[in-house]
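Asks: Just one file: query-v6.txt, with compact mmCIF, C-alpha atoms and all ligand atoms.
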# COMPACT_ATOMS: atom_id res chain seq x y z
CA MET A 1 55.58 7.06 -88.50
CA VAL A 2 55.78 10.78 -89.15
CA ASP A 3 52.53 12.66 -89.69
CA LEU A 4 52.97 14.95 -92.66
CA PRO A 5 50.89 18.13 -92.61
CA THR A 6 47.93 18.00 -94.98
CA LEU A 7 47.40 20.95 -97.26
CA GLN A 8 44.00 22.44 -96.64
CA PRO A 9 42.12 23.02 -99.92
CA PHE A 10 42.43 26.71 -100.82
CA PHE A 11 38.71 27.30 -101.26
CA ALA A 12 37.61 25.24 -98.23
CA ASP A 13 37.18 28.37 -96.13
CA LYS A 14 36.22 30.62 -99.05
CA LEU A 15 32.96 29.05 -100.09
CA GLU A 16 31.22 32.40 -100.53
CA LEU A 17 33.94 33.65 -102.83
CA LEU A 18 33.90 30.37 -104.73
CA ALA A 19 30.13 30.56 -105.18
CA GLU A 20 30.40 34.15 -106.36
CA ILE A 21 33.00 33.28 -108.99
CA LEU A 22 31.18 30.17 -110.20
CA GLY A 23 27.94 32.15 -110.28
CA ARG A 24 29.36 34.40 -112.99
CA TYR A 25 29.02 31.58 -115.48
CA PRO A 26 26.22 29.21 -116.51
CA GLU A 27 26.48 25.64 -115.30
CA TYR A 28 27.54 24.41 -118.73
CA GLY A 29 30.29 27.04 -118.84
CA ARG A 30 31.78 26.30 -115.46
CA ARG A 31 35.23 25.80 -116.95
CA SER A 32 35.24 29.53 -117.70
CA ALA A 33 35.87 30.08 -114.01
CA LEU A 34 39.37 28.69 -114.42
CA MET A 35 41.15 32.01 -114.85
CA PRO A 36 39.53 33.85 -111.91
CA LEU A 37 40.06 30.84 -109.64
CA LEU A 38 43.72 30.61 -110.64
CA TRP A 39 44.01 34.32 -110.03
CA GLU A 40 42.63 34.10 -106.49
CA VAL A 41 45.25 31.49 -105.63
CA GLN A 42 48.04 33.34 -107.43
CA ARG A 43 47.23 36.56 -105.61
CA ALA A 44 47.17 34.91 -102.19
CA GLU A 45 50.10 32.51 -102.54
CA ARG A 46 52.18 34.23 -105.25
CA HIS A 47 52.10 31.06 -107.30
CA VAL A 48 49.75 28.22 -108.17
CA SER A 49 51.08 24.90 -106.97
CA GLU A 50 50.30 21.51 -108.46
CA ALA A 51 47.91 20.78 -105.57
CA ARG A 52 45.99 24.01 -106.20
CA ILE A 53 45.78 23.30 -109.92
CA GLU A 54 44.30 19.89 -109.16
CA GLU A 55 41.83 21.43 -106.71
CA ILE A 56 40.65 24.01 -109.24
CA ALA A 57 40.48 21.46 -112.05
CA GLU A 58 38.23 19.28 -109.93
CA ILE A 59 35.96 22.21 -109.03
CA ILE A 60 35.36 23.17 -112.66
CA GLY A 61 35.36 19.65 -114.10
CA VAL A 62 38.46 19.66 -116.27
CA THR A 63 41.68 17.70 -115.98
CA ALA A 64 44.70 19.13 -114.22
CA THR A 65 46.54 18.93 -117.54
CA GLU A 66 43.92 21.10 -119.22
CA ALA A 67 44.06 23.63 -116.38
CA LYS A 68 47.84 23.68 -116.52
CA GLY A 69 47.74 24.12 -120.29
CA VAL A 70 45.72 27.32 -119.90
CA MET A 71 47.81 28.52 -116.99
CA SER A 72 51.10 28.08 -118.81
CA PHE A 73 49.87 30.29 -121.68
CA TYR A 74 49.70 33.36 -119.45
CA SER A 75 52.69 35.06 -117.86
CA THR A 76 50.36 36.13 -115.02
CA TYR A 77 50.48 32.71 -113.39
CA HIS A 78 53.53 31.14 -111.80
CA GLU A 79 54.28 27.60 -110.76
CA GLN A 80 56.97 28.78 -108.35
CA PRO A 81 56.49 31.60 -105.83
CA VAL A 82 57.42 35.06 -107.07
CA GLY A 83 58.65 37.87 -104.83
CA ARG A 84 56.42 40.11 -102.72
CA TYR A 85 57.19 42.70 -105.40
CA HIS A 86 57.02 41.05 -108.78
CA LEU A 87 58.67 43.39 -111.29
CA GLN A 88 57.45 42.93 -114.84
CA VAL A 89 59.20 44.89 -117.55
CA CYS A 90 57.57 45.04 -120.97
CA ARG A 91 59.84 44.03 -123.82
CA THR A 92 57.51 44.50 -126.77
CA LEU A 93 58.12 46.99 -129.56
CA SER A 94 56.71 50.26 -128.24
CA CYS A 95 58.44 49.83 -124.91
CA ALA A 96 61.66 48.67 -126.61
CA LEU A 97 61.67 51.81 -128.75
CA ALA A 98 61.14 53.93 -125.65
CA GLY A 99 64.05 52.37 -123.76
CA GLY A 100 62.39 49.27 -122.30
CA ASP A 101 65.46 47.08 -122.82
CA GLU A 102 67.68 49.60 -121.02
CA LEU A 103 65.09 49.82 -118.28
CA TYR A 104 65.07 46.03 -117.90
CA ALA A 105 68.88 46.01 -117.72
CA HIS A 106 68.72 48.72 -115.09
CA VAL A 107 66.20 46.80 -112.97
CA CYS A 108 68.39 43.69 -113.25
CA GLU A 109 71.46 45.63 -112.24
CA ARG A 110 69.78 47.27 -109.26
CA THR A 111 68.24 44.04 -107.94
CA GLY A 112 71.00 41.62 -108.95
CA LEU A 113 68.37 39.41 -110.58
CA VAL A 114 67.61 38.33 -114.12
CA ASN A 115 64.45 37.16 -115.79
CA GLY A 116 62.64 34.49 -113.79
CA GLU A 117 64.67 34.91 -110.61
CA THR A 118 63.48 35.70 -107.09
CA ASP A 119 65.86 37.01 -104.46
CA ALA A 120 66.72 34.97 -101.38
CA GLU A 121 64.64 37.23 -99.18
CA GLY A 122 61.57 36.71 -101.36
CA ARG A 123 61.19 40.48 -101.79
CA PHE A 124 61.82 40.96 -105.51
CA SER A 125 61.38 38.85 -108.60
CA ILE A 126 61.79 39.87 -112.24
CA GLN A 127 59.97 38.93 -115.36
CA ASN A 128 60.39 40.22 -118.87
CA VAL A 129 56.87 40.21 -120.29
CA GLU A 130 55.10 40.88 -123.56
CA CYS A 131 52.90 43.91 -124.20
CA LEU A 132 51.06 45.12 -121.10
CA GLY A 133 48.59 47.10 -123.16
CA SER A 134 49.97 50.52 -122.33
CA CYS A 135 52.04 51.04 -125.48
CA GLY A 136 51.19 54.75 -125.71
CA THR A 137 52.82 55.40 -122.37
CA ALA A 138 55.94 53.28 -122.81
CA PRO A 139 58.11 52.15 -121.23
CA VAL A 140 55.99 50.32 -118.71
CA LEU A 141 56.87 48.53 -115.49
CA GLN A 142 54.22 46.51 -113.70
CA VAL A 143 54.72 45.73 -110.01
CA ASN A 144 52.22 43.10 -108.86
CA ASP A 145 48.95 44.67 -110.09
CA ALA A 146 50.19 48.26 -110.27
CA PHE A 147 51.27 49.94 -113.49
CA TYR A 148 54.04 52.53 -113.69
CA GLU A 149 53.99 54.21 -117.07
CA ARG A 150 56.67 56.27 -118.82
CA VAL A 151 58.89 54.93 -116.10
CA THR A 152 62.46 56.14 -115.96
CA ARG A 153 65.63 54.72 -114.49
CA SER A 154 65.58 57.26 -111.68
CA GLY A 155 61.89 56.45 -111.21
CA VAL A 156 62.82 52.77 -110.90
CA ASP A 157 65.45 53.61 -108.31
CA ALA A 158 62.88 55.50 -106.25
CA LEU A 159 60.39 52.65 -106.60
CA LEU A 160 62.93 50.03 -105.51
CA GLU A 161 63.94 52.14 -102.53
CA ALA A 162 60.29 52.48 -101.50
CA MET A 163 59.72 48.74 -101.88
CA ARG A 164 62.78 48.02 -99.77
CA ARG A 165 60.93 49.94 -97.05
CA ASP A 166 57.87 47.84 -97.90
CA GLU A 167 56.05 50.79 -99.39
CA LEU A 168 54.49 50.64 -102.83
CA PRO A 169 53.98 54.13 -104.30
CA PRO A 170 50.65 54.82 -106.03
CA PRO A 171 50.59 53.53 -109.59
CA THR A 172 50.98 55.95 -112.46
CA ARG A 173 48.54 54.79 -115.06
CA GLU A 174 47.44 57.37 -117.56
CA ARG A 175 44.98 55.44 -119.66
CA GLY A 176 42.51 54.65 -116.89
CA GLY A 177 41.41 51.13 -116.08
CA ASP A 178 42.00 49.71 -112.62
CA ASN A 179 44.26 52.54 -111.59
CA ALA A 180 42.11 55.36 -112.95
CA SER A 181 42.16 57.22 -109.70
CA ALA A 182 45.91 57.08 -109.34
CA ALA A 183 47.71 60.37 -109.28
CA LYS A 184 49.68 61.05 -112.44
CA ALA A 185 53.40 61.39 -112.05
CA GLU A 186 55.23 64.61 -112.68
CA ARG A 187 57.52 64.06 -115.61
CA GLN A 188 60.26 65.72 -117.54
CA THR A 189 61.69 64.53 -120.81
CA THR A 190 65.32 64.28 -121.66
CA PRO A 191 65.67 63.36 -125.34
CA ALA A 192 69.22 62.03 -124.93
CA ASP A 193 68.11 59.49 -122.34
CA PRO A 194 64.46 58.44 -122.70
CA THR A 195 64.65 56.05 -119.74
CA ASP A 196 65.95 58.60 -117.28
CA ALA A 197 63.59 61.47 -117.54
CA GLY A 198 62.67 62.33 -113.99
CA GLY A 199 60.53 59.90 -112.11
CA ALA A 200 57.56 57.72 -112.50
CA ALA A 201 57.57 56.88 -108.86
S1 LIG A 301 54.69 47.53 -125.95
FE1 LIG A 301 54.96 47.80 -123.83
S2 LIG A 301 52.93 48.07 -123.13
FE2 LIG A 301 52.66 47.60 -125.22
Show this structure as structure tokens.
Replies:
Amino acid sequence: MVDLPTLQPFFADKLELLAEILGRYPEYGRRSALMPLLWEVQRAERHVSEARIEEIAEIIGVTATEAKGVMSFYSTYHEQPVGRYHLQVCRTLSCALAGGDELYAHVCERTGLVNGETDAEGRFSIQNVECLGSCGTAPVLQVNDAFYERVTRSGVDALLEAMRRDELPPPTRERGGDNASAAKAERQTTPADPTDAGGAA
């Protein structure tokens, strides 16, 4: 008989982290910890497998179906592993008006991938997402947790080149938030081609 490897529970060796997350909520609101727990797994494993969903559901006292229902509502969480560099191009109105669709097509062309695909190497994956909350600095590309605002096609090329060297340039996020300390990119504007205006990378 073959011994199949047993998957160690994700939080088995992260009890301090687990306690910290659960401690953010009152006992009766333990289910509120679902999103941060999913996020910890997603960040570490680039997806949340069925086994991890079941583990989290048990921790917070909901069914796996309930946990999955919440998870499937958000584009942040993935049931299959995404690439080491998960490229998310906003397709909502402000970005579309600023050349987001052309930008998405450019990213697809440069990586050879389309929405939902991951390359064989596991380096890049692409996702067309809804508003990322940076409409005033459209078009926006999010790579993992980093935002690149007013990104251009040449900026995308530079970013992809850097990521092929396993370097992720500092994010360019103008409106503050997590990347408040990031250096702002030097930009030019070219009215005839709003998606190729210099470089956001
Ligand atoms: S429309 Fe793209 S960030 Fe809001």
Asks: Can you tell me which residues come within 12 Å of ligand LIG 301 (chain A) when counting all atoms listed in the file, ideally as number ranges by chain?
Replies: A: 88-101, 103-104, 128-142, 147-151, 173, 175
Asks: Please indicate the distance in Å from CA of His78 in chain A to CA of Phe11 in chain A, rounded to one decimal place.
Replies: 18.6 Å
Asks: Select, from A:Leu38, A:Val48, A:Leu87, A:Met163, the residue with the minimum atom-to-atom distance to Val143 in chain A, counting only C-alpha atoms.
Replies: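 Of the candidates, the smallest distance to Val143 in chain A is held by A:Leu87.
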Asks: Looking at A:Ile60, A:Ala51, A:Ile21, A:Ala146, which one is nearest to Trp39 in chain A, with distances taken over only C-alpha atoms?
Replies: A:Ile21
Asks: State, in Å with one decimal place, the distance from CA of Gly29 in chain A to CA of Gly61 in chain A.
Replies: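 Atom-to-atom, CA of Gly29 in chain A to CA of Gly61 in chain A, that is 10.1 Å.
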Asks: Do you have the CA of Glu79 in chain A-CA of Leu34 in chain A distance handy?
Replies: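 So the answer is 15.4 Å.
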Asks: Name the residues in contact with Gln80 in chain A at a cut-off of 8 Å, using all atoms listed in the file, excluding same-chain residues fewer than 3 positions from it; report them as a list in words.
Replies: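 My list of contacting residues is Arg46, His47, Val48 and Ser49 of chain A.
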Asks: I need the chosen residues saved as a compact mmCIF listing (two decimals), keeping the file's coordinate frame, with C-alpha atoms.
Replies:
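Once everything was written out, this is out.txt:
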# COMPACT_ATOMS: atom_id res chain seq x y z
CA ARG A 46 52.18 34.23 -105.25
CA HIS A 47 52.10 31.06 -107.30
CA VAL A 48 49.75 28.22 -108.17
CA SER A 49 51.08 24.90 -106.97
Asks: Can you tell me, as a ChimeraX atom specification, what residues are no more than 12 Å from Gln42 in chain A when counting all atoms listed in the file, ignoring any on the same chain fewer than 5 positions away?
Replies: /A:10,35-37,47-49,52-53,71,75-84,86,144-145
Asks: Show me, as a ChimeraX atom specification, the residues that have an atom within 9 Å of Arg24 in chain A when counting only C-alpha atoms, minus same-chain residues fewer than 6 positions from it.
Replies: /A:30,32-33
Asks: Which residues come within 12 Å of Leu159 in chain A, counting only C-alpha atoms, excluding same-chain residues fewer than 5 positions away, as a PyMOL selection string?
Replies: chain A and resi 85+87+107+110-111+124+141-143+146-148+151-154+164-172+199-201
